[in-house]
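Printed here is coords.pdb (PDB, C-alpha atoms):
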ATOM      1  CA  MET L   1     -24.394  21.210-151.703  1.00  0.00           C
ATOM      2  CA  ASN L   2     -23.099  20.322-148.238  1.00  0.00           C
ATOM      3  CA  LYS L   3     -24.870  20.407-144.885  1.00  0.00           C
ATOM      4  CA  SER L   4     -23.755  23.953-144.099  1.00  0.00           C
ATOM      5  CA  THR L   5     -25.441  25.489-147.159  1.00  0.00           C
ATOM      6  CA  THR L   6     -29.154  26.036-147.547  1.00  0.00           C
ATOM      7  CA  ARG L   7     -30.438  27.218-150.915  1.00  0.00           C
ATOM      8  CA  SER L   8     -33.280  29.673-150.777  1.00  0.00           C
ATOM      9  CA  LYS L   9     -34.450  31.770-153.682  1.00  0.00           C
ATOM     10  CA  ALA L  10     -36.010  35.064-152.768  1.00  0.00           C
ATOM     11  CA  THR L  11     -39.585  35.446-153.883  1.00  0.00           C
ATOM     12  CA  LEU L  12     -38.670  38.755-155.456  1.00  0.00           C
ATOM     13  CA  GLY L  13     -39.244  38.490-159.142  1.00  0.00           C
ATOM     14  CA  GLN L  14     -40.759  40.206-162.124  1.00  0.00           C
ATOM     15  CA  GLN L  15     -44.344  39.960-160.896  1.00  0.00           C
ATOM     16  CA  ASP L  16     -43.665  40.604-157.198  1.00  0.00           C
ATOM     17  CA  GLU L  17     -41.380  43.614-157.432  1.00  0.00           C
ATOM     18  CA  GLY L  18     -41.998  44.964-160.931  1.00  0.00           C
ATOM     19  CA  ASN L  19     -38.612  43.908-162.291  1.00  0.00           C
ATOM     20  CA  GLN L  20     -38.400  45.238-165.844  1.00  0.00           C
ATOM     21  CA  ASN L  21     -35.236  43.373-166.865  1.00  0.00           C
ATOM     22  CA  VAL L  22     -35.826  41.847-170.278  1.00  0.00           C
ATOM     23  CA  LYS L  23     -34.695  38.418-171.374  1.00  0.00           C
ATOM     24  CA  ALA L  24     -33.687  38.334-175.028  1.00  0.00           C
ATOM     25  CA  ALA L  25     -35.171  35.381-176.919  1.00  0.00           C
ATOM     26  CA  GLY L  26     -35.659  33.525-173.649  1.00  0.00           C
ATOM     27  CA  LYS L  27     -31.986  33.871-172.757  1.00  0.00           C
ATOM     28  CA  ASP L  28     -30.858  35.982-169.837  1.00  0.00           C
ATOM     29  CA  ARG L  29     -27.723  37.913-170.793  1.00  0.00           C
ATOM     30  CA  ARG L  30     -27.034  39.457-167.402  1.00  0.00           C
ATOM     31  CA  PRO L  31     -23.617  38.754-165.879  1.00  0.00           C
ATOM     32  CA  GLU L  32     -23.549  36.078-163.178  1.00  0.00           C
ATOM     33  CA  VAL L  33     -21.917  37.322-159.988  1.00  0.00           C
ATOM     34  CA  ARG L  34     -21.296  35.638-156.649  1.00  0.00           C
ATOM     35  CA  ILE L  35     -21.331  37.907-153.600  1.00  0.00           C
ATOM     36  CA  TYR L  36     -20.215  36.802-150.145  1.00  0.00           C
ATOM     37  CA  THR L  37     -21.132  39.036-147.217  1.00  0.00           C
ATOM     38  CA  ASP L  38     -20.715  39.292-143.467  1.00  0.00           C
ATOM     39  CA  GLY L  39     -21.335  41.811-140.727  1.00  0.00           C
ATOM     40  CA  ALA L  40     -19.745  42.155-137.318  1.00  0.00           C
ATOM     41  CA  CYS L  41     -20.292  44.203-134.214  1.00  0.00           C
ATOM     42  CA  LEU L  42     -17.931  44.607-131.258  1.00  0.00           C
ATOM     43  CA  GLY L  43     -20.680  44.716-128.682  1.00  0.00           C
ATOM     44  CA  ASN L  44     -24.255  44.840-129.880  1.00  0.00           C
ATOM     45  CA  PRO L  45     -24.733  47.747-130.195  1.00  0.00           C
ATOM     46  CA  GLY L  46     -21.178  48.886-130.612  1.00  0.00           C
ATOM     47  CA  PRO L  47     -18.642  49.597-133.333  1.00  0.00           C
ATOM     48  CA  GLY L  48     -19.568  47.537-136.375  1.00  0.00           C
ATOM     49  CA  GLY L  49     -18.303  46.621-139.803  1.00  0.00           C
ATOM     50  CA  TYR L  50     -19.212  44.785-142.965  1.00  0.00           C
ATOM     51  CA  GLY L  51     -17.156  42.782-145.432  1.00  0.00           C
ATOM     52  CA  VAL L  52     -17.976  41.859-149.020  1.00  0.00           C
ATOM     53  CA  VAL L  53     -16.274  39.660-151.620  1.00  0.00           C
ATOM     54  CA  LEU L  54     -17.548  39.903-155.206  1.00  0.00           C
ATOM     55  CA  LEU L  55     -16.584  37.228-157.737  1.00  0.00           C
ATOM     56  CA  TYR L  56     -17.201  37.526-161.470  1.00  0.00           C
ATOM     57  CA  GLY L  57     -15.312  35.113-163.711  1.00  0.00           C
ATOM     58  CA  GLU L  58     -11.642  35.604-162.827  1.00  0.00           C
ATOM     59  CA  SER L  59     -12.296  39.011-161.241  1.00  0.00           C
ATOM     60  CA  ARG L  60     -12.412  39.575-157.508  1.00  0.00           C
ATOM     61  CA  LYS L  61     -13.281  42.697-155.539  1.00  0.00           C
ATOM     62  CA  GLU L  62     -13.299  43.173-151.765  1.00  0.00           C
ATOM     63  CA  LEU L  63     -15.217  45.917-149.977  1.00  0.00           C
ATOM     64  CA  SER L  64     -15.531  46.828-146.323  1.00  0.00           C
ATOM     65  CA  GLY L  65     -16.619  49.660-144.087  1.00  0.00           C
ATOM     66  CA  GLY L  66     -17.711  50.383-140.573  1.00  0.00           C
ATOM     67  CA  TYR L  67     -19.655  52.584-138.195  1.00  0.00           C
ATOM     68  CA  ARG L  68     -18.973  53.931-134.718  1.00  0.00           C
ATOM     69  CA  LEU L  69     -22.252  52.692-133.164  1.00  0.00           C
ATOM     70  CA  THR L  70     -24.519  50.171-134.852  1.00  0.00           C
ATOM     71  CA  THR L  71     -25.846  46.621-134.565  1.00  0.00           C
ATOM     72  CA  ASN L  72     -24.795  43.284-136.016  1.00  0.00           C
ATOM     73  CA  ASN L  73     -28.030  42.958-138.018  1.00  0.00           C
ATOM     74  CA  ARG L  74     -27.516  46.396-139.574  1.00  0.00           C
ATOM     75  CA  MET L  75     -24.012  45.373-140.640  1.00  0.00           C
ATOM     76  CA  GLU L  76     -25.297  42.111-142.161  1.00  0.00           C
ATOM     77  CA  LEU L  77     -27.788  44.164-144.184  1.00  0.00           C
ATOM     78  CA  MET L  78     -25.169  46.774-145.129  1.00  0.00           C
ATOM     79  CA  ALA L  79     -22.877  44.073-146.482  1.00  0.00           C
ATOM     80  CA  ALA L  80     -25.588  42.817-148.849  1.00  0.00           C
ATOM     81  CA  ILE L  81     -26.543  46.364-149.863  1.00  0.00           C
ATOM     82  CA  VAL L  82     -22.960  47.498-150.513  1.00  0.00           C
ATOM     83  CA  GLY L  83     -22.269  44.380-152.565  1.00  0.00           C
ATOM     84  CA  LEU L  84     -25.355  44.861-154.738  1.00  0.00           C
ATOM     85  CA  GLU L  85     -24.827  48.638-155.039  1.00  0.00           C
ATOM     86  CA  SER L  86     -21.322  48.048-156.409  1.00  0.00           C
ATOM     87  CA  LEU L  87     -22.729  46.310-159.507  1.00  0.00           C
ATOM     88  CA  THR L  88     -22.919  48.739-162.422  1.00  0.00           C
ATOM     89  CA  VAL L  89     -25.343  46.734-164.578  1.00  0.00           C
ATOM     90  CA  PRO L  90     -28.260  44.433-163.732  1.00  0.00           C
ATOM     91  CA  CYS L  91     -26.855  41.024-162.785  1.00  0.00           C
ATOM     92  CA  ARG L  92     -27.854  37.523-161.803  1.00  0.00           C
ATOM     93  CA  VAL L  93     -26.508  37.333-158.273  1.00  0.00           C
ATOM     94  CA  THR L  94     -25.981  34.491-155.872  1.00  0.00           C
ATOM     95  CA  LEU L  95     -25.550  36.162-152.490  1.00  0.00           C
ATOM     96  CA  PHE L  96     -24.013  34.064-149.714  1.00  0.00           C
ATOM     97  CA  THR L  97     -24.494  35.151-146.108  1.00  0.00           C
ATOM     98  CA  ASP L  98     -24.323  33.573-142.681  1.00  0.00           C
ATOM     99  CA  SER L  99     -27.211  35.791-141.567  1.00  0.00           C
ATOM    100  CA  GLN L 100     -30.462  33.893-141.207  1.00  0.00           C
ATOM    101  CA  TYR L 101     -32.045  37.295-140.479  1.00  0.00           C
ATOM    102  CA  VAL L 102     -31.267  38.451-144.035  1.00  0.00           C
ATOM    103  CA  VAL L 103     -31.999  35.136-145.771  1.00  0.00           C
ATOM    104  CA  ASN L 104     -35.303  34.514-144.012  1.00  0.00           C
ATOM    105  CA  ALA L 105     -36.589  38.068-144.372  1.00  0.00           C
ATOM    106  CA  MET L 106     -35.902  37.993-148.111  1.00  0.00           C
ATOM    107  CA  THR L 107     -36.814  34.416-149.007  1.00  0.00           C
ATOM    108  CA  LYS L 108     -39.890  34.141-146.812  1.00  0.00           C
ATOM    109  CA  GLY L 109     -41.250  37.526-147.855  1.00  0.00           C
ATOM    110  CA  TRP L 110     -41.012  39.061-144.389  1.00  0.00           C
ATOM    111  CA  ALA L 111     -39.307  42.285-145.529  1.00  0.00           C
ATOM    112  CA  ARG L 112     -41.810  42.815-148.323  1.00  0.00           C
ATOM    113  CA  ARG L 113     -44.691  42.207-145.905  1.00  0.00           C
ATOM    114  CA  TRP L 114     -43.217  44.609-143.320  1.00  0.00           C
ATOM    115  CA  ARG L 115     -43.042  47.301-145.998  1.00  0.00           C
ATOM    116  CA  GLN L 116     -46.647  46.650-147.055  1.00  0.00           C
ATOM    117  CA  GLN L 117     -47.674  47.000-143.403  1.00  0.00           C
ATOM    118  CA  GLY L 118     -45.956  50.374-142.975  1.00  0.00           C
ATOM    119  CA  TRP L 119     -42.789  48.798-141.528  1.00  0.00           C
ATOM    120  CA  MET L 120     -44.675  46.946-138.828  1.00  0.00           C
ATOM    121  CA  ARG L 121     -43.917  43.285-138.008  1.00  0.00           C
ATOM    122  CA  ASN L 122     -47.409  42.955-136.577  1.00  0.00           C
ATOM    123  CA  LYS L 123     -50.005  45.315-135.122  1.00  0.00           C
ATOM    124  CA  LYS L 124     -47.807  46.202-132.133  1.00  0.00           C
ATOM    125  CA  GLU L 125     -44.137  45.736-133.143  1.00  0.00           C
ATOM    126  CA  LYS L 126     -42.212  47.967-135.519  1.00  0.00           C
ATOM    127  CA  ALA L 127     -39.904  46.264-137.993  1.00  0.00           C
ATOM    128  CA  LEU L 128     -36.281  47.100-137.250  1.00  0.00           C
ATOM    129  CA  ASN L 129     -33.967  48.645-139.856  1.00  0.00           C
ATOM    130  CA  PRO L 130     -36.631  49.790-142.352  1.00  0.00           C
ATOM    131  CA  ASP L 131     -34.134  52.152-144.008  1.00  0.00           C
ATOM    132  CA  LEU L 132     -31.878  49.238-144.924  1.00  0.00           C
ATOM    133  CA  TRP L 133     -34.668  46.820-145.857  1.00  0.00           C
ATOM    134  CA  GLU L 134     -36.047  49.431-148.271  1.00  0.00           C
ATOM    135  CA  LYS L 135     -32.642  49.733-149.963  1.00  0.00           C
ATOM    136  CA  LEU L 136     -32.247  45.955-150.211  1.00  0.00           C
ATOM    137  CA  LEU L 137     -35.730  45.450-151.644  1.00  0.00           C
ATOM    138  CA  THR L 138     -35.055  48.160-154.229  1.00  0.00           C
ATOM    139  CA  LEU L 139     -31.752  46.565-155.244  1.00  0.00           C
ATOM    140  CA  CYS L 140     -33.495  43.208-155.665  1.00  0.00           C
ATOM    141  CA  ARG L 141     -35.742  44.813-158.281  1.00  0.00           C
ATOM    142  CA  ARG L 142     -32.650  45.703-160.330  1.00  0.00           C
ATOM    143  CA  HIS L 143     -30.849  42.390-159.902  1.00  0.00           C
ATOM    144  CA  GLU L 144     -32.042  38.788-159.882  1.00  0.00           C
ATOM    145  CA  VAL L 145     -30.838  37.700-156.445  1.00  0.00           C
ATOM    146  CA  ILE L 146     -30.731  34.251-154.922  1.00  0.00           C
ATOM    147  CA  PHE L 147     -29.963  34.330-151.191  1.00  0.00           C
ATOM    148  CA  ILE L 148     -28.025  31.376-149.819  1.00  0.00           C
ATOM    149  CA  TRP L 149     -27.331  30.804-146.144  1.00  0.00           C
ATOM    150  CA  VAL L 150     -23.913  29.437-145.211  1.00  0.00           C
ATOM    151  CA  ARG L 151     -22.924  28.375-141.725  1.00  0.00           C
ATOM    152  CA  GLY L 152     -20.555  30.960-140.271  1.00  0.00           C
ATOM    153  CA  HIS L 153     -17.119  29.924-139.036  1.00  0.00           C
ATOM    154  CA  ALA L 154     -17.441  26.583-140.821  1.00  0.00           C
ATOM    155  CA  GLY L 155     -14.425  26.895-143.095  1.00  0.00           C
ATOM    156  CA  ASP L 156     -15.949  28.515-146.198  1.00  0.00           C
ATOM    157  CA  PRO L 157     -12.936  30.581-147.369  1.00  0.00           C
ATOM    158  CA  GLU L 158     -14.958  33.489-148.762  1.00  0.00           C
ATOM    159  CA  ASN L 159     -17.207  33.686-145.699  1.00  0.00           C
ATOM    160  CA  GLU L 160     -14.118  33.622-143.488  1.00  0.00           C
ATOM    161  CA  ARG L 161     -12.568  36.433-145.556  1.00  0.00           C
ATOM    162  CA  CYS L 162     -15.728  38.542-145.179  1.00  0.00           C
ATOM    163  CA  ASP L 163     -15.676  37.874-141.437  1.00  0.00           C
ATOM    164  CA  LEU L 164     -12.094  39.159-141.238  1.00  0.00           C
ATOM    165  CA  LEU L 165     -12.891  42.231-143.379  1.00  0.00           C
ATOM    166  CA  SER L 166     -15.912  43.097-141.246  1.00  0.00           C
ATOM    167  CA  LYS L 167     -14.028  42.747-137.952  1.00  0.00           C
ATOM    168  CA  GLN L 168     -11.114  44.840-139.241  1.00  0.00           C
ATOM    169  CA  ALA L 169     -13.536  47.534-140.426  1.00  0.00           C
ATOM    170  CA  ALA L 170     -15.264  47.610-137.027  1.00  0.00           C
ATOM    171  CA  GLN L 171     -11.882  48.332-135.413  1.00  0.00           C
ATOM    172  CA  GLY L 172     -11.121  51.259-137.713  1.00  0.00           C
ATOM    173  CA  ASP L 173     -10.229  54.734-136.510  1.00  0.00           C
ATOM    174  CA  ASP L 174     -12.651  57.645-136.877  1.00  0.00           C
ATOM    175  CA  LEU L 175     -15.648  55.513-137.846  1.00  0.00           C
ATOM    176  CA  PRO L 176     -18.657  57.525-139.050  1.00  0.00           C
ATOM    177  CA  ASP L 177     -22.034  57.540-137.362  1.00  0.00           C
ATOM    178  CA  ASP L 178     -24.690  55.111-138.576  1.00  0.00           C
ATOM    179  CA  ALA L 179     -27.415  57.711-139.089  1.00  0.00           C
ATOM    180  CA  GLY L 180     -30.078  55.020-139.534  1.00  0.00           C
ATOM    181  CA  TYR L 181     -29.250  53.475-136.194  1.00  0.00           C
ATOM    182  CA  LEU L 182     -29.101  56.789-134.386  1.00  0.00           C
ATOM    183  CA  ALA L 183     -32.409  57.988-135.891  1.00  0.00           C
TER     184      ALA L 183
END

Would you mind writing the file out in C-alpha coordinates?
Amino acid sequence: MNKSTTRSKATLGQQDEGNQNVKAAGKDRRPEVRIYTDGACLGNPGPGGYGVVLLYGESRKELSGGYRLTTNNRMELMAAIVGLESLTVPCRVTLFTDSQYVVNAMTKGWARRWRQQGWMRNKKEKALNPDLWEKLLTLCRRHEVIFIWVRGHAGDPENERCDLLSKQAAQGDDLPDDAGYLA
(Lines of atoms letter the chains of each structure in order from A and count residues from 1; the text may use other names and numbers.)
(Lines give C-alpha, C1' and ligand atoms only; values in the text may rest on other atoms or scores of the structure.)
Protein backbone atom coordinates (compact mmCIF):
# COMPACT_ATOMS: atom_id res chain seq x y z
CA MET A 1 0.00 0.00 0.00
CA ASN A 2 1.43 3.39 -0.96
CA LYS A 3 0.81 6.81 0.56
CA SER A 4 -2.03 7.64 -1.82
CA THR A 5 -4.19 4.68 -0.75
CA THR A 6 -6.10 4.45 2.49
CA ARG A 7 -7.80 1.16 3.33
CA SER A 8 -11.13 1.46 5.04
CA LYS A 9 -13.62 -1.35 5.42
CA ALA A 10 -17.22 -0.30 5.60
CA THR A 11 -18.95 -1.27 8.81
CA LEU A 12 -21.73 -2.79 6.76
CA GLY A 13 -21.83 -6.46 7.49
CA GLN A 14 -24.10 -9.34 8.33
CA GLN A 15 -25.16 -7.99 11.71
CA ASP A 16 -25.37 -4.30 10.74
CA GLU A 17 -27.32 -4.55 7.50
CA GLY A 18 -28.93 -7.99 7.66
CA ASN A 19 -26.73 -9.50 4.96
CA GLN A 20 -28.01 -13.03 4.36
CA ASN A 21 -25.14 -14.21 2.15
CA VAL A 22 -24.07 -17.64 3.36
CA LYS A 23 -20.51 -18.86 3.62
CA ALA A 24 -20.18 -22.55 2.82
CA ALA A 25 -18.07 -24.45 5.35
CA GLY A 26 -16.41 -21.21 6.41
CA LYS A 27 -15.33 -20.45 2.85
CA ASP A 28 -16.76 -17.52 0.94
CA ARG A 29 -17.41 -18.55 -2.67
CA ARG A 30 -18.46 -15.15 -3.97
CA PRO A 31 -16.48 -13.78 -6.92
CA GLU A 32 -13.88 -11.15 -6.05
CA VAL A 33 -14.31 -7.99 -8.11
CA ARG A 34 -12.39 -4.72 -8.14
CA ILE A 35 -14.40 -1.62 -9.04
CA TYR A 36 -12.84 1.76 -9.75
CA THR A 37 -15.14 4.78 -9.82
CA ASP A 38 -15.09 8.51 -10.40
CA GLY A 39 -17.56 11.33 -10.84
CA ALA A 40 -17.16 14.69 -12.53
CA CYS A 41 -19.15 17.86 -12.88
CA LEU A 42 -18.54 20.73 -15.30
CA GLY A 43 -19.57 23.41 -12.86
CA ASN A 44 -21.07 22.35 -9.56
CA PRO A 45 -23.95 22.12 -10.19
CA GLY A 46 -23.69 21.60 -13.91
CA PRO A 47 -23.50 18.80 -16.45
CA GLY A 48 -22.05 15.75 -14.74
CA GLY A 49 -20.85 12.25 -15.48
CA TYR A 50 -19.60 9.09 -13.86
CA GLY A 51 -17.07 6.50 -14.95
CA VAL A 52 -16.65 2.92 -13.75
CA VAL A 53 -14.07 0.21 -14.44
CA LEU A 54 -14.90 -3.32 -13.25
CA LEU A 55 -12.15 -5.95 -13.08
CA TYR A 56 -12.79 -9.65 -12.52
CA GLY A 57 -9.93 -12.01 -13.31
CA GLU A 58 -8.98 -11.26 -16.92
CA SER A 59 -12.32 -9.57 -17.63
CA ARG A 60 -12.76 -5.82 -17.83
CA LYS A 61 -15.90 -3.75 -18.25
CA GLU A 62 -16.22 0.03 -18.51
CA LEU A 63 -19.41 1.96 -17.81
CA SER A 64 -20.24 5.64 -17.95
CA GLY A 65 -23.19 7.98 -18.06
CA GLY A 66 -24.14 11.55 -17.42
CA TYR A 67 -26.82 14.05 -16.50
CA ARG A 68 -27.69 17.53 -17.73
CA LEU A 69 -27.71 19.18 -14.27
CA THR A 70 -26.28 17.52 -11.18
CA THR A 71 -23.48 17.77 -8.63
CA ASN A 72 -20.05 16.21 -8.31
CA ASN A 73 -21.02 14.32 -5.14
CA ARG A 74 -24.07 12.83 -6.86
CA MET A 75 -21.86 11.61 -9.70
CA GLU A 76 -19.37 10.06 -7.24
CA LEU A 77 -22.27 8.18 -5.65
CA MET A 78 -23.75 7.20 -9.03
CA ALA A 79 -20.44 5.70 -10.11
CA ALA A 80 -20.37 3.40 -7.06
CA ILE A 81 -24.05 2.51 -7.48
CA VAL A 82 -23.79 1.75 -11.21
CA GLY A 83 -20.71 -0.40 -10.63
CA LEU A 84 -22.39 -2.44 -7.89
CA GLU A 85 -25.71 -2.67 -9.78
CA SER A 86 -23.90 -4.19 -12.78
CA LEU A 87 -22.92 -7.27 -10.74
CA THR A 88 -25.35 -10.12 -11.40
CA VAL A 89 -24.48 -12.23 -8.34
CA PRO A 90 -23.40 -11.32 -4.80
CA CYS A 91 -19.68 -10.51 -4.85
CA ARG A 92 -16.78 -9.57 -2.64
CA VAL A 93 -15.97 -6.10 -3.91
CA THR A 94 -13.05 -3.79 -3.39
CA LEU A 95 -14.32 -0.39 -4.51
CA PHE A 96 -11.70 2.28 -5.22
CA THR A 97 -12.76 5.92 -5.28
CA ASP A 98 -11.11 9.30 -4.94
CA SER A 99 -14.20 10.58 -3.12
CA GLN A 100 -13.64 11.01 0.60
CA TYR A 101 -17.36 11.88 0.77
CA VAL A 102 -18.27 8.33 -0.29
CA VAL A 103 -15.54 6.54 1.68
CA ASN A 104 -16.13 8.41 4.92
CA ALA A 105 -19.92 8.18 4.79
CA MET A 106 -19.73 4.42 4.28
CA THR A 107 -16.78 3.48 6.49
CA LYS A 108 -17.60 5.78 9.39
CA GLY A 109 -21.28 4.87 9.41
CA TRP A 110 -22.49 8.36 8.52
CA ALA A 111 -24.88 7.23 5.76
CA ARG A 112 -26.41 4.55 7.96
CA ARG A 113 -26.84 7.06 10.79
CA TRP A 114 -28.42 9.64 8.46
CA ARG A 115 -30.94 7.02 7.36
CA GLN A 116 -31.73 6.09 10.97
CA GLN A 117 -32.30 9.78 11.70
CA GLY A 118 -34.77 10.22 8.83
CA TRP A 119 -32.08 11.51 6.45
CA MET A 120 -30.97 14.24 8.82
CA ARG A 121 -27.26 14.94 9.46
CA ASN A 122 -28.21 16.50 12.79
CA LYS A 123 -31.31 18.10 14.27
CA LYS A 124 -31.21 21.03 11.82
CA GLU A 125 -29.44 19.87 8.62
CA LYS A 126 -30.87 17.47 6.06
CA ALA A 127 -28.52 14.87 4.63
CA LEU A 128 -27.92 15.50 0.94
CA ASN A 129 -28.58 12.84 -1.72
CA PRO A 130 -30.73 10.48 0.39
CA ASP A 131 -32.04 8.78 -2.77
CA LEU A 132 -28.53 7.71 -3.74
CA TRP A 133 -27.37 6.83 -0.23
CA GLU A 134 -30.39 4.53 0.14
CA LYS A 135 -29.46 2.72 -3.09
CA LEU A 136 -25.82 2.37 -2.03
CA LEU A 137 -26.70 1.06 1.43
CA THR A 138 -29.05 -1.49 -0.15
CA LEU A 139 -26.38 -2.66 -2.58
CA CYS A 140 -23.93 -3.10 0.30
CA ARG A 141 -26.35 -5.59 1.85
CA ARG A 142 -26.10 -7.73 -1.29
CA HIS A 143 -22.34 -7.45 -1.73
CA GLU A 144 -19.44 -7.47 0.72
CA VAL A 145 -17.86 -4.10 -0.08
CA ILE A 146 -14.57 -2.67 1.07
CA PHE A 147 -14.22 1.03 0.23
CA ILE A 148 -10.71 2.26 -0.49
CA TRP A 149 -9.79 5.89 -1.02
CA VAL A 150 -7.21 6.66 -3.70
CA ARG A 151 -5.73 10.08 -4.31
CA GLY A 152 -7.19 11.50 -7.51
CA HIS A 153 -4.90 12.58 -10.34
CA ALA A 154 -1.99 10.73 -8.74
CA GLY A 155 -1.24 8.35 -11.60
CA ASP A 156 -3.42 5.35 -10.71
CA PRO A 157 -4.25 4.12 -14.24
CA GLU A 158 -7.75 2.87 -13.42
CA ASN A 159 -8.66 6.02 -11.49
CA GLU A 160 -7.37 8.11 -14.39
CA ARG A 161 -9.47 6.05 -16.83
CA CYS A 162 -12.59 6.60 -14.70
CA ASP A 163 -11.82 10.32 -14.59
CA LEU A 164 -11.67 10.41 -18.40
CA LEU A 165 -14.89 8.37 -18.76
CA SER A 166 -16.74 10.64 -16.34
CA LYS A 167 -15.60 13.85 -18.04
CA GLN A 168 -16.49 12.50 -21.49
CA ALA A 169 -19.94 11.47 -20.22
CA ALA A 170 -20.53 14.93 -18.74
CA GLN A 171 -19.88 16.44 -22.19
CA GLY A 172 -22.39 14.18 -23.93
CA ASP A 173 -25.24 15.43 -26.09
CA ASP A 174 -28.85 15.22 -24.92
CA LEU A 175 -28.03 14.32 -21.32
CA PRO A 176 -31.06 13.28 -19.25
CA ASP A 177 -32.28 15.09 -16.17
CA ASP A 178 -31.06 13.92 -12.77
CA ALA A 179 -34.51 13.57 -11.21
CA GLY A 180 -33.02 13.17 -7.72
CA TYR A 181 -31.16 16.44 -7.99
CA LEU A 182 -34.11 18.31 -9.42
CA ALA A 183 -36.52 16.97 -6.77

Q: Given the file shown, enumerate the residues that the PyMOL selection byres ((chain L and resi 119) around 12) captures and present them as a ChimeraX atom specification.
A: /L:110-118,120-134

Q: Have a look at atom CA of Met106 of chain L and atom CA of Phe147 of chain L and let me know their distance in Å, one decimal.
A: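 Distance between the two atoms: 7.6 Å.
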
Q: Name the residues in contact with Gly46 of chain L at a cut-off of 6 Å, using all atoms listed in the file, excluding same-chain residues fewer than 2 positions from it; report them as number ranges by chain.
A: L: 41-44, 69-70

Q. If you apply the PyMOL selection byres ((chain L and resi 55) around 6) to this file, what residues do you get, as a PyMOL selection string?
A. chain L and resi 33-34+54+56+59-60

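In terms of minimum interatomic distance to Val53 of chain L, L:Gly83 ranks closest within L:Gly39, L:Gly83, L:Pro31, L:Gly66, counting only C-alpha atoms.
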
Q) What separation in Å, quoted to one decimal, exists between atom CA of Asp156 of chain L and atom CA of Leu87 of chain L? A)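 Interatomic distance, atom CA of Asp156 of chain L to atom CA of Leu87 of chain L: 23.2 Å.
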
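For the pair atom CA of Cys91 of chain L and atom CA of Gly49 of chain L, the interatomic distance is 25.2 Å.
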
(Q) Let me make sure I understand: among L:Ala105, L:Val93, L:Thr37, L:Leu84, which one has the smallest atom-to-atom distance to Gly152 of chain L if we use all atoms listed in the file? (A) L:Thr37

Q.
Can you translate the PyMOL selection byres ((chain L and resi 175) around 6) into the concrete residues it hits in this file, as a PyMOL selection string?
A. chain L and resi 67-68+173-174+176

Once you have the residues from the selection above, write them out as a PDB file, in the frame of the given file, restricted to C-alpha atoms.
ATOM      1  CA  TYR L  67     -19.655  52.584-138.195  1.00  0.00           C
ATOM      2  CA  ARG L  68     -18.973  53.931-134.718  1.00  0.00           C
ATOM      3  CA  ASP L 173     -10.229  54.734-136.510  1.00  0.00           C
ATOM      4  CA  ASP L 174     -12.651  57.645-136.877  1.00  0.00           C
ATOM      5  CA  PRO L 176     -18.657  57.525-139.050  1.00  0.00           C
TER       6      PRO L 176
END

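Of the listed residues (L:Gly180, L:Pro90, L:Gly57, L:Gly51), L:Gly51 comes nearest to Arg161 of chain L; the distances count all atoms listed in the file.
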